[in-house]
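target.csv (CSV, C-alpha atoms)
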chain,number,residue,atom,x,y,z
Z,1,MET,CA,48.3,-65.6,-4.8
Z,2,LYS,CA,45.5,-67.9,-5.8
Z,3,ARG,CA,46.3,-71.2,-7.4
Z,4,ILE,CA,45.0,-72.8,-10.6
Z,5,ALA,CA,45.5,-76.6,-11.2
Z,6,ILE,CA,45.3,-77.5,-14.8
Z,7,ASP,CA,44.8,-81.0,-16.2
Z,8,MET,CA,46.8,-82.2,-19.3
Z,9,ASP,CA,44.9,-84.6,-21.6
Z,10,GLU,CA,42.1,-82.9,-23.5
Z,11,VAL,CA,42.8,-79.6,-21.7
Z,12,ILE,CA,46.3,-78.6,-22.8
Z,13,ALA,CA,47.2,-81.7,-24.8
Z,14,ASP,CA,45.0,-82.9,-27.7
Z,15,PHE,CA,44.6,-86.5,-26.7
Z,16,ASN,CA,41.8,-87.3,-29.1
Z,17,GLY,CA,43.7,-85.7,-32.0
Z,18,LYS,CA,46.1,-88.6,-31.7
Z,19,MET,CA,44.0,-91.3,-30.2
Z,20,ILE,CA,41.3,-91.3,-32.9
Z,21,PRO,CA,43.6,-91.8,-35.9
Z,22,SER,CA,45.8,-94.2,-33.9
Z,23,PHE,CA,42.7,-96.2,-33.0
Z,24,ASN,CA,41.4,-96.3,-36.5
Z,25,ALA,CA,44.8,-97.3,-37.9
Z,26,ARG,CA,45.3,-100.1,-35.4
Z,27,PHE,CA,41.8,-101.5,-35.2
Z,28,ASN,CA,40.8,-100.8,-38.8
Z,29,ALA,CA,37.9,-98.6,-37.6
Z,30,HIS,CA,36.4,-95.4,-38.6
Z,31,ILE,CA,35.4,-93.6,-35.5
Z,32,THR,CA,35.2,-89.8,-35.3
Z,33,LEU,CA,35.0,-87.2,-32.5
Z,34,ALA,CA,31.2,-87.4,-32.7
Z,35,ASP,CA,31.2,-91.1,-31.8
Z,36,LEU,CA,32.7,-90.1,-28.4
Z,37,GLU,CA,29.9,-87.9,-27.3
Z,38,GLY,CA,29.2,-88.9,-23.7
Z,39,LEU,CA,31.7,-91.7,-23.9
Z,40,THR,CA,35.3,-92.5,-23.4
Z,41,ILE,CA,36.9,-94.7,-26.0
Z,42,GLN,CA,36.9,-97.5,-23.5
Z,43,GLN,CA,33.1,-97.1,-23.0
Z,44,LEU,CA,32.6,-96.9,-26.8
Z,45,ARG,CA,34.4,-100.1,-27.5
Z,46,PRO,CA,34.4,-102.2,-24.3
Z,47,ASP,CA,35.0,-105.2,-26.5
Z,48,ILE,CA,38.6,-104.2,-27.0
Z,49,LYS,CA,39.1,-102.1,-23.9
Z,50,GLU,CA,42.3,-103.9,-22.9
Z,51,GLN,CA,44.0,-103.5,-26.4
Z,52,VAL,CA,43.0,-99.8,-26.4
Z,53,GLU,CA,44.6,-99.2,-23.0
Z,54,GLU,CA,47.7,-101.1,-24.2
Z,55,MET,CA,47.9,-98.6,-27.1
Z,56,ILE,CA,47.4,-95.6,-24.9
Z,57,GLY,CA,49.8,-97.0,-22.3
Z,58,GLU,CA,52.7,-97.3,-24.6
Z,59,ALA,CA,55.7,-95.3,-23.4
Z,60,THR,CA,55.7,-92.8,-26.2
Z,61,PHE,CA,52.0,-92.3,-26.7
Z,62,PHE,CA,51.8,-89.0,-24.8
Z,63,GLY,CA,55.0,-87.6,-26.2
Z,64,ASP,CA,53.8,-86.0,-29.4
Z,65,LEU,CA,50.2,-84.8,-28.7
Z,66,ALA,CA,49.4,-81.5,-30.2
Z,67,VAL,CA,49.0,-78.5,-27.9
Z,68,MET,CA,45.4,-77.3,-27.4
Z,69,PRO,CA,44.8,-73.9,-29.2
Z,70,ASP,CA,45.6,-70.8,-27.1
Z,71,SER,CA,46.6,-72.8,-24.0
Z,72,GLN,CA,50.2,-71.6,-24.0
Z,73,ARG,CA,49.4,-68.0,-24.5
Z,74,VAL,CA,46.6,-67.9,-21.9
Z,75,ILE,CA,48.5,-69.9,-19.3
Z,76,LYS,CA,51.4,-67.5,-19.7
Z,77,ILE,CA,49.1,-64.6,-19.0
Z,78,LEU,CA,47.4,-66.3,-16.0
Z,79,ALA,CA,50.9,-67.1,-14.6
Z,80,ARG,CA,51.3,-63.4,-13.9
Z,81,LYS,CA,48.5,-63.3,-11.3
Z,82,TYR,CA,48.1,-67.0,-10.3
Z,83,GLU,CA,50.2,-69.9,-9.2
Z,84,ILE,CA,49.9,-72.4,-12.0
Z,85,PHE,CA,50.2,-76.2,-11.3
Z,86,ILE,CA,49.8,-78.9,-14.0
Z,87,THR,CA,48.0,-81.8,-12.4
Z,88,THR,CA,47.7,-84.9,-14.5
Z,89,ALA,CA,46.3,-88.3,-13.6
Z,90,ALA,CA,49.3,-90.4,-14.7
Z,91,MET,CA,48.9,-93.4,-12.4
Z,92,GLU,CA,46.6,-95.3,-14.8
Z,93,PHE,CA,49.4,-95.3,-17.4
Z,94,PRO,CA,52.7,-95.5,-15.4
Z,95,LEU,CA,54.8,-95.7,-18.6
Z,96,SER,CA,53.6,-92.2,-19.6
Z,97,PHE,CA,55.5,-90.3,-16.8
Z,98,ASP,CA,58.6,-89.6,-18.9
Z,99,ALA,CA,56.8,-88.7,-22.1
Z,100,LYS,CA,54.4,-86.4,-20.2
Z,101,PHE,CA,57.3,-84.7,-18.3
Z,102,ARG,CA,59.2,-84.1,-21.5
Z,103,TRP,CA,56.1,-82.8,-23.3
Z,104,LEU,CA,55.6,-80.2,-20.6
Z,105,GLU,CA,59.3,-79.2,-20.6
Z,106,TYR,CA,59.1,-78.7,-24.4
Z,107,HIS,CA,55.7,-77.0,-24.8
Z,108,PHE,CA,55.4,-75.2,-21.5
Z,109,PRO,CA,59.0,-74.4,-20.6
Z,110,PHE,CA,57.8,-71.4,-18.5
Z,111,ILE,CA,56.1,-73.7,-16.0
Z,112,ASN,CA,58.3,-74.6,-13.1
Z,113,PRO,CA,58.9,-78.4,-12.9
Z,114,MET,CA,58.2,-78.1,-9.2
Z,115,ASN,CA,54.6,-77.2,-10.1
Z,116,ILE,CA,54.0,-80.4,-12.0
Z,117,VAL,CA,52.0,-83.1,-10.2
Z,118,PHE,CA,51.4,-86.7,-11.4
Z,119,CYS,CA,48.6,-88.1,-9.4
Z,120,GLY,CA,45.7,-90.5,-9.4
Z,121,SER,CA,43.0,-89.1,-7.3
Z,122,LYS,CA,42.8,-85.4,-7.6
Z,123,SER,CA,41.1,-85.1,-4.2
Z,124,ILE,CA,44.7,-84.6,-2.9
Z,125,LEU,CA,45.0,-81.2,-4.6
Z,126,ASN,CA,45.0,-78.0,-2.6
Z,127,ALA,CA,44.1,-75.4,-5.2
Z,128,ASP,CA,41.5,-72.6,-5.7
Z,129,TYR,CA,40.5,-73.7,-9.2
Z,130,LEU,CA,40.7,-77.0,-11.1
Z,131,ILE,CA,40.4,-77.0,-14.9
Z,132,ASP,CA,39.7,-80.5,-16.0
Z,133,ASP,CA,37.7,-82.5,-18.6
Z,134,ASN,CA,36.8,-85.3,-16.1
Z,135,ALA,CA,33.9,-84.3,-13.9
Z,136,ARG,CA,34.7,-87.2,-11.5
Z,137,HIS,CA,37.8,-85.3,-10.4
Z,138,PHE,CA,35.6,-82.5,-9.0
Z,139,GLU,CA,33.7,-84.7,-6.6
Z,140,LYS,CA,36.1,-84.3,-3.7
Z,141,PHE,CA,37.8,-81.1,-4.9
Z,142,ASN,CA,37.4,-78.2,-2.4
Z,143,GLY,CA,38.0,-75.4,-4.9
Z,144,GLU,CA,36.1,-74.1,-7.9
Z,145,ALA,CA,35.6,-76.6,-10.7
Z,146,ILE,CA,35.9,-75.5,-14.3
Z,147,LEU,CA,34.9,-78.3,-16.8
Z,148,PHE,CA,36.8,-78.1,-20.0
Z,149,SER,CA,34.4,-79.4,-22.8
Z,150,ALA,CA,35.4,-82.7,-24.4
Z,151,PRO,CA,33.1,-85.0,-26.3
Z,152,HIS,CA,33.0,-87.5,-23.4
Z,153,ASN,CA,31.7,-84.9,-20.9
Z,154,LYS,CA,29.0,-83.4,-23.2
Z,155,HIS,CA,26.2,-84.5,-20.8
Z,156,ALA,CA,27.9,-83.5,-17.6
Z,157,THR,CA,26.0,-80.7,-15.8
Z,158,GLY,CA,26.4,-78.7,-12.6
Z,159,PHE,CA,29.8,-77.3,-13.3
Z,160,HIS,CA,31.1,-74.1,-14.9
Z,161,ARG,CA,31.8,-75.2,-18.4
Z,162,VAL,CA,34.3,-73.7,-20.8
Z,163,ASN,CA,34.7,-74.7,-24.5
Z,164,ASN,CA,38.2,-73.5,-25.2
Z,165,TRP,CA,41.1,-71.5,-23.8
Z,166,LEU,CA,39.6,-68.2,-24.9
Z,167,GLU,CA,36.7,-68.8,-22.6
Z,168,ILE,CA,39.1,-69.5,-19.8
Z,169,GLU,CA,40.9,-66.2,-20.5
Z,170,SER,CA,37.5,-64.4,-20.3
Z,171,PHE,CA,36.5,-66.3,-17.1
Z,172,PHE,CA,39.6,-65.2,-15.2
Z,173,TYR,CA,39.5,-61.7,-16.7
Z,174,ALA,CA,36.0,-61.3,-15.3
Z,175,ASN,CA,37.0,-62.8,-11.9
Z,176,GLN,CA,39.8,-60.4,-11.3
C,1,MET,CA,38.3,-90.1,7.1
C,2,LYS,CA,41.4,-88.0,7.8
C,3,ARG,CA,44.3,-88.2,5.3
C,4,ILE,CA,48.0,-88.9,5.9
C,5,ALA,CA,50.5,-87.9,3.2
C,6,ILE,CA,53.8,-89.8,3.5
C,7,ASP,CA,57.1,-89.0,1.8
C,8,MET,CA,59.2,-91.8,0.3
C,9,ASP,CA,63.0,-91.1,0.5
C,10,GLU,CA,64.3,-91.4,4.0
C,11,VAL,CA,60.8,-92.0,5.4
C,12,ILE,CA,59.7,-95.3,3.8
C,13,ALA,CA,62.7,-95.9,1.5
C,14,ASP,CA,66.2,-96.0,2.9
C,15,PHE,CA,67.9,-93.5,0.6
C,16,ASN,CA,71.1,-93.1,2.6
C,17,GLY,CA,71.5,-96.9,2.9
C,18,LYS,CA,72.2,-97.0,-0.8
C,19,MET,CA,73.5,-93.5,-1.4
C,20,ILE,CA,76.4,-93.7,1.0
C,21,PRO,CA,78.0,-96.9,-0.2
C,22,SER,CA,77.3,-95.9,-3.9
C,23,PHE,CA,78.9,-92.5,-3.2
C,24,ASN,CA,82.0,-94.0,-1.5
C,25,ALA,CA,82.4,-96.5,-4.3
C,26,ARG,CA,82.0,-94.0,-7.1
C,27,PHE,CA,84.1,-91.2,-5.6
C,28,ASN,CA,86.6,-93.3,-3.7
C,29,ALA,CA,85.4,-91.6,-0.4
C,30,HIS,CA,84.7,-92.8,3.1
C,31,ILE,CA,81.7,-90.8,4.3
C,32,THR,CA,79.4,-92.1,6.9
C,33,LEU,CA,75.9,-91.2,8.2
C,34,ALA,CA,77.5,-89.1,10.8
C,35,ASP,CA,79.0,-86.8,8.1
C,36,LEU,CA,75.5,-86.0,6.9
C,37,GLU,CA,74.4,-84.4,10.2
C,38,GLY,CA,72.7,-81.2,9.3
C,39,LEU,CA,73.6,-81.5,5.6
C,40,THR,CA,72.5,-83.1,2.4
C,41,ILE,CA,75.1,-84.9,0.4
C,42,GLN,CA,75.1,-82.0,-2.0
C,43,GLN,CA,75.8,-79.6,0.8
C,44,LEU,CA,78.5,-81.9,2.2
C,45,ARG,CA,80.3,-82.1,-1.1
C,46,PRO,CA,79.4,-79.0,-3.2
C,47,ASP,CA,82.6,-79.6,-5.2
C,48,ILE,CA,81.0,-82.6,-6.9
C,49,LYS,CA,77.3,-81.7,-6.6
C,50,GLU,CA,76.6,-82.3,-10.3
C,51,GLN,CA,78.2,-85.7,-10.4
C,52,VAL,CA,76.3,-86.7,-7.3
C,53,GLU,CA,73.0,-85.6,-8.8
C,54,GLU,CA,73.9,-87.5,-11.9
C,55,MET,CA,74.4,-90.7,-9.8
C,56,ILE,CA,71.1,-90.2,-7.9
C,57,GLY,CA,69.3,-89.3,-11.1
C,58,GLU,CA,70.1,-92.5,-12.9
C,59,ALA,CA,66.9,-94.3,-13.9
C,60,THR,CA,67.4,-97.3,-11.6
C,61,PHE,CA,68.8,-95.6,-8.5
C,62,PHE,CA,65.6,-95.6,-6.6
C,63,GLY,CA,64.6,-99.1,-7.7
C,64,ASP,CA,66.3,-101.2,-5.0
C,65,LEU,CA,66.3,-99.0,-1.9
C,66,ALA,CA,65.6,-101.0,1.3
C,67,VAL,CA,62.3,-100.5,3.1
C,68,MET,CA,62.5,-98.5,6.3
C,69,PRO,CA,61.9,-100.7,9.4
C,70,ASP,CA,58.3,-101.2,10.5
C,71,SER,CA,56.9,-98.8,7.7
C,72,GLN,CA,55.0,-101.5,5.9
C,73,ARG,CA,53.3,-102.9,9.1
C,74,VAL,CA,52.5,-99.5,10.6
C,75,ILE,CA,51.1,-98.0,7.3
C,76,LYS,CA,48.9,-101.1,6.9
C,77,ILE,CA,47.5,-100.5,10.4
C,78,LEU,CA,47.0,-96.7,9.7
C,79,ALA,CA,45.2,-97.5,6.4
C,80,ARG,CA,42.3,-98.9,8.4
C,81,LYS,CA,41.5,-95.5,9.9
C,82,TYR,CA,43.1,-93.0,7.6
C,83,GLU,CA,43.4,-92.4,3.9
C,84,ILE,CA,47.0,-93.0,3.0
C,85,PHE,CA,48.7,-91.1,0.1
C,86,ILE,CA,52.4,-91.5,-0.8
C,87,THR,CA,53.6,-88.1,-1.9
C,88,THR,CA,57.1,-87.9,-3.2
C,89,ALA,CA,59.1,-85.1,-4.7
C,90,ALA,CA,60.1,-86.7,-8.0
C,91,MET,CA,60.5,-83.7,-10.3
C,92,GLU,CA,64.1,-83.1,-9.4
C,93,PHE,CA,65.0,-86.5,-10.8
C,94,PRO,CA,62.5,-87.1,-13.7
C,95,LEU,CA,64.1,-90.4,-14.6
C,96,SER,CA,63.1,-91.8,-11.2
C,97,PHE,CA,59.4,-92.0,-11.9
C,98,ASP,CA,59.3,-95.5,-13.2
C,99,ALA,CA,61.6,-97.0,-10.6
C,100,LYS,CA,59.7,-95.3,-7.7
C,101,PHE,CA,56.3,-96.4,-9.0
C,102,ARG,CA,57.6,-100.0,-9.3
C,103,TRP,CA,59.2,-99.9,-5.9
C,104,LEU,CA,55.9,-98.9,-4.4
C,105,GLU,CA,54.0,-101.5,-6.3
C,106,TYR,CA,56.4,-104.2,-5.0
C,107,HIS,CA,56.9,-103.1,-1.4
C,108,PHE,CA,53.5,-101.5,-0.7
C,109,PRO,CA,51.1,-103.4,-2.9
C,110,PHE,CA,48.3,-102.5,-0.5
C,111,ILE,CA,48.5,-98.9,-1.4
C,112,ASN,CA,46.1,-97.9,-4.2
C,113,PRO,CA,48.1,-96.5,-7.1
C,114,MET,CA,45.5,-93.7,-7.3
C,115,ASN,CA,46.9,-92.5,-4.0
C,116,ILE,CA,50.4,-92.0,-5.3
C,117,VAL,CA,51.5,-88.5,-6.0
C,118,PHE,CA,54.7,-87.4,-7.8
C,119,CYS,CA,55.2,-83.7,-7.2
C,120,GLY,CA,57.7,-81.0,-6.7
C,121,SER,CA,56.3,-78.4,-4.3
C,122,LYS,CA,54.3,-80.1,-1.6
C,123,SER,CA,52.2,-77.0,-1.0
C,124,ILE,CA,49.8,-78.5,-3.5
C,125,LEU,CA,48.9,-81.3,-1.0
C,126,ASN,CA,45.5,-81.3,0.6
C,127,ALA,CA,46.1,-83.6,3.7
C,128,ASP,CA,45.6,-83.6,7.4
C,129,TYR,CA,49.1,-84.8,8.2
C,130,LEU,CA,52.4,-84.8,6.2
C,131,ILE,CA,55.2,-87.2,7.3
C,132,ASP,CA,58.4,-85.9,5.7
C,133,ASP,CA,62.1,-85.6,6.4
C,134,ASN,CA,62.4,-82.2,4.6
C,135,ALA,CA,61.2,-79.4,6.8
C,136,ARG,CA,61.0,-77.1,3.8
C,137,HIS,CA,58.0,-79.0,2.6
C,138,PHE,CA,56.1,-77.9,5.7
C,139,GLU,CA,56.4,-74.2,5.0
C,140,LYS,CA,53.2,-73.9,3.0
C,141,PHE,CA,51.5,-77.1,4.2
C,142,ASN,CA,48.2,-76.5,5.9
C,143,GLY,CA,47.9,-79.7,7.9
C,144,GLU,CA,50.0,-81.1,10.8
C,145,ALA,CA,53.7,-81.5,10.1
C,146,ILE,CA,55.5,-84.6,11.3
C,147,LEU,CA,59.3,-84.5,10.8
C,148,PHE,CA,60.8,-87.9,10.2
C,149,SER,CA,64.4,-87.8,11.6
C,150,ALA,CA,67.2,-88.0,9.2
C,151,PRO,CA,70.8,-86.9,9.6
C,152,HIS,CA,70.3,-83.8,7.4
C,153,ASN,CA,67.4,-82.5,9.5
C,154,LYS,CA,69.1,-83.0,12.9
C,155,HIS,CA,69.0,-79.3,13.7
C,156,ALA,CA,65.5,-78.5,12.4
C,157,THR,CA,63.2,-77.4,15.2
C,158,GLY,CA,59.6,-76.3,15.6
C,159,PHE,CA,58.0,-79.5,14.3
C,160,HIS,CA,56.7,-82.7,15.9
C,161,ARG,CA,59.7,-85.0,15.4
C,162,VAL,CA,59.6,-88.8,15.1
C,163,ASN,CA,62.6,-91.0,15.0
C,164,ASN,CA,61.1,-94.2,13.5
C,165,TRP,CA,57.9,-95.9,12.5
C,166,LEU,CA,57.2,-97.2,16.0
C,167,GLU,CA,57.0,-93.5,17.1
C,168,ILE,CA,54.6,-92.8,14.3
C,169,GLU,CA,52.5,-95.8,15.4
C,170,SER,CA,52.4,-94.3,19.0
C,171,PHE,CA,51.7,-90.8,17.7
C,172,PHE,CA,48.5,-91.9,15.8
C,173,TYR,CA,47.5,-94.3,18.6
C,174,ALA,CA,47.6,-91.4,21.0
C,175,ASN,CA,45.7,-89.1,18.6
C,176,GLN,CA,42.8,-91.5,18.1

Translate this structure into structure tokens?
Amino acid sequence: MKRIAIDMDEVIADFNGKMIPSFNARFNAHITLADLEGLTIQQLRPDIKEQVEEMIGEATFFGDLAVMPDSQRVIKILARKYEIFITTAAMEFPLSFDAKFRWLEYHFPFINPMNIVFCGSKSILNADYLIDDNARHFEKFNGEAILFSAPHNKHATGFHRVNNWLEIESFFYANQ
Amino acid sequence: MKRIAIDMDEVIADFNGKMIPSFNARFNAHITLADLEGLTIQQLRPDIKEQVEEMIGEATFFGDLAVMPDSQRVIKILARKYEIFITTAAMEFPLSFDAKFRWLEYHFPFINPMNIVFCGSKSILNADYLIDDNARHFEKFNGEAILFSAPHNKHATGFHRVNNWLEIESFFYANQ
């Protein structure tokens, strides 16, 4: 059974959907998704990088992110033919472990907790596919990279790109 | 650079050194290390398995385990020639994430947090060696298995067994 490793933030969890309004409220700003084209929020506003990371690093920040459209349904279908692992880079925000684990339990109860991985470097993953919005995670990954579109990765090239979960569904349907 | 994945409990962290006195105090018992030969504590006392798991699952349980003798020194030496990852099965006790992360930060500050992995199934690991006390983790592991002796694995065979960190030092010295 082939294995698909799936990232959380900006892939199954709508990080920007919470980060942008939280950022605007806290820093009295007016950024939009379009401002993040080619940039992370830390790259867009290096002047307040530490305060931004403090905001994201709060214990509950990741607890109430919205679920990305169609991700639950498509992952449920994929789980019939593939081993599904959720592989999230949690080490930069160690306080997020609990909230992320509970979020997965609540929104993806059909995923075996034994198939959840909190890591830093994703070079440690042994999987056939990695669906991720951060192209840097593909550098040392041995399997097939699937780049999930997000504003910050708009200019990344050289990877198979998908724009949403419907495209992931089609990709794996075609690869059967 | 080859990569060594290293488990935490009973490999670099002395789980039994805390579990046994905690168990005896809480359940008014008198078990010793010898009682755990070939058995986990849950297998030894299935009658109170749930209470035992509740005790181990407390948020702070893993925070003050002693460091296994020579592990810091030997890992520091190995880190010169190998990529070191700490790979711990934390998903059975989700409240342990924080305490485990802080424990590593405190006792192994020279290990890059990006090289810490909290997982369930270790089949997801892409490494050349896995040092672990649980033989079940070797089943689907592609690299070389190194079984770290613990009372519960006394009867496990078919793996390269080491009894302490001095033997790990010798093993990798011989494999250079």

Please build the interface table for chain C against chain Z with a cut-off of 8 Å, listing for each qualifying residue the nearest atom pair and the distance in Å to one decimal; count all atoms listed in the file, order rows by chain and increasing number, and write it as JSON lines.
{"residue": "C:Met91", "atom": "CA", "partner": "Z:Pro113", "partner_atom": "CA", "distance": 6.1}
{"residue": "C:Glu92", "atom": "CA", "partner": "Z:Met114", "partner_atom": "CA", "distance": 7.7}
{"residue": "C:Pro94", "atom": "CA", "partner": "Z:Asp98", "partner_atom": "CA", "distance": 7.0}
{"residue": "C:Leu95", "atom": "CA", "partner": "Z:Asp98", "partner_atom": "CA", "distance": 7.0}
{"residue": "C:Phe97", "atom": "CA", "partner": "Z:Phe97", "partner_atom": "CA", "distance": 6.5}
{"residue": "C:Asp98", "atom": "CA", "partner": "Z:Pro94", "partner_atom": "CA", "distance": 7.0}
{"residue": "C:Phe101", "atom": "CA", "partner": "Z:Pro94", "partner_atom": "CA", "distance": 7.4}
{"residue": "C:Pro113", "atom": "CA", "partner": "Z:Met91", "partner_atom": "CA", "distance": 6.2}
{"residue": "C:Met114", "atom": "CA", "partner": "Z:Gly120", "partner_atom": "CA", "distance": 3.8}
{"residue": "C:Asn115", "atom": "CA", "partner": "Z:Gly120", "partner_atom": "CA", "distance": 5.9}
{"residue": "C:Ile116", "atom": "CA", "partner": "Z:Cys119", "partner_atom": "CA", "distance": 5.9}
{"residue": "C:Val117", "atom": "CA", "partner": "Z:Cys119", "partner_atom": "CA", "distance": 4.5}
{"residue": "C:Phe118", "atom": "CA", "partner": "Z:Phe118", "partner_atom": "CA", "distance": 4.9}
{"residue": "C:Cys119", "atom": "CA", "partner": "Z:Val117", "partner_atom": "CA", "distance": 4.4}
{"residue": "C:Gly120", "atom": "CA", "partner": "Z:Met114", "partner_atom": "CA", "distance": 3.9}
{"residue": "C:Ser121", "atom": "CA", "partner": "Z:Met114", "partner_atom": "CA", "distance": 5.3}
{"residue": "C:Ser123", "atom": "CA", "partner": "Z:Asn126", "partner_atom": "CA", "distance": 7.4}
{"residue": "C:Ile124", "atom": "CA", "partner": "Z:Asn126", "partner_atom": "CA", "distance": 4.9}
{"residue": "C:Leu125", "atom": "CA", "partner": "Z:Leu125", "partner_atom": "CA", "distance": 5.3}
{"residue": "C:Asn126", "atom": "CA", "partner": "Z:Asn126", "partner_atom": "CA", "distance": 4.6}
{"residue": "C:Ala127", "atom": "CA", "partner": "Z:Ile124", "partner_atom": "CA", "distance": 6.8}

Surrounding residues of C:Thr60 excluding itself and chain neighbours under 3 positions, 8 Å, all atoms listed in the file, as number ranges by chain
C: 63-64, 96, 99

Between atom CA of Z:Val67 and atom CA of Z:Ala13 lies a distance of 4.8 Å

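The spacing separating atom CA of C:Asn164 from atom CA of C:His137 amounts to 19.0 Å.
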
Can you tell me, as a list in words, which residues sit within 9 Å of (63.7, -97.3, 10.9) in the file's frame, using all atoms listed in the file?
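Using all atoms listed in the file, the matching residues come out as Val11, Ile12, Asp14, Val67, Met68, Pro69, Asp70, Ser71, Asn163, Asn164, Trp165 and Leu166 of chain C.
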
Selection near stretch 24-35 of chain C, 12 Å with all atoms listed in the file, sequence-local residues under 2 positions removed, as a list in words
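Listed by chain and then number, they are Phe15, Asn16, Gly17, Lys18, Met19, Ile20, Pro21, Ser22, Glu37, Gly38, Leu39, Thr40, Ile41, Gln42, Gln43, Leu44, Arg45, Asp47, Ile48, Lys49, Gln51, Val52, Glu54, Met55, Ile56, Ala150, Pro151, His152 and Lys154 of chain C.
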
List as a count of residues only the protein and nucleic acid residues near Z:Gly158, meaning an atom at most 10 Å away when all atoms listed in the file are counted, but skip any in the same chain fewer than 2 places from it.
6

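Atom CA of C:Ala79 sits 17.3 Å away from atom CA of C:Tyr106.
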
Rank nothing, just name the residue among C:Ile131, C:Ala59, C:Leu104, C:Leu78 nearest to C:Phe172, using only C-alpha atoms.
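Once distances to C:Phe172 are computed over only C-alpha atoms, the minimum belongs to C:Leu78.
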
Find the residue from Z:Glu58, Z:Ile77, Z:Leu65, Z:Glu53 that sits nearest to Z:Ser170; use only C-alpha atoms when measuring.
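Going through Z:Glu58, Z:Ile77, Z:Leu65, Z:Glu53 one by one, the smallest distance to Z:Ser170 is for Z:Ile77.
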
As a JSON list (two decimals) with C-alpha atoms, keeping the file's coordinate frame, please: the residues near Z:Leu130 (cut-off 8 Å, only C-alpha atoms, same-chain neighbours under 4 positions excluded).
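Final output, saved to result39.json:
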[["chain", "number", "residue", "atom", "x", "y", "z"],
["Z", 4, "ILE", "CA", 45.00, -72.80, -10.60],
["Z", 5, "ALA", "CA", 45.50, -76.60, -11.20],
["Z", 6, "ILE", "CA", 45.30, -77.50, -14.80],
["Z", 7, "ASP", "CA", 44.80, -81.00, -16.20],
["Z", 138, "PHE", "CA", 35.60, -82.50, -9.00],
["Z", 141, "PHE", "CA", 37.80, -81.10, -4.90],
["Z", 143, "GLY", "CA", 38.00, -75.40, -4.90],
["Z", 144, "GLU", "CA", 36.10, -74.10, -7.90],
["Z", 145, "ALA", "CA", 35.60, -76.60, -10.70],
["Z", 146, "ILE", "CA", 35.90, -75.50, -14.30]]

Which of these residues is nearest to Z:Glu139, using all atoms listed in the file: Z:Phe159, Z:Asn153, Z:Pro46, Z:Ile111?
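Of the candidates, the smallest distance to Z:Glu139 is held by Z:Phe159.
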
Residue nearest C:Phe148 among C:Glu105, C:Arg80, C:Glu10, C:Ala174 (counting all atoms listed in the file):
C:Glu10
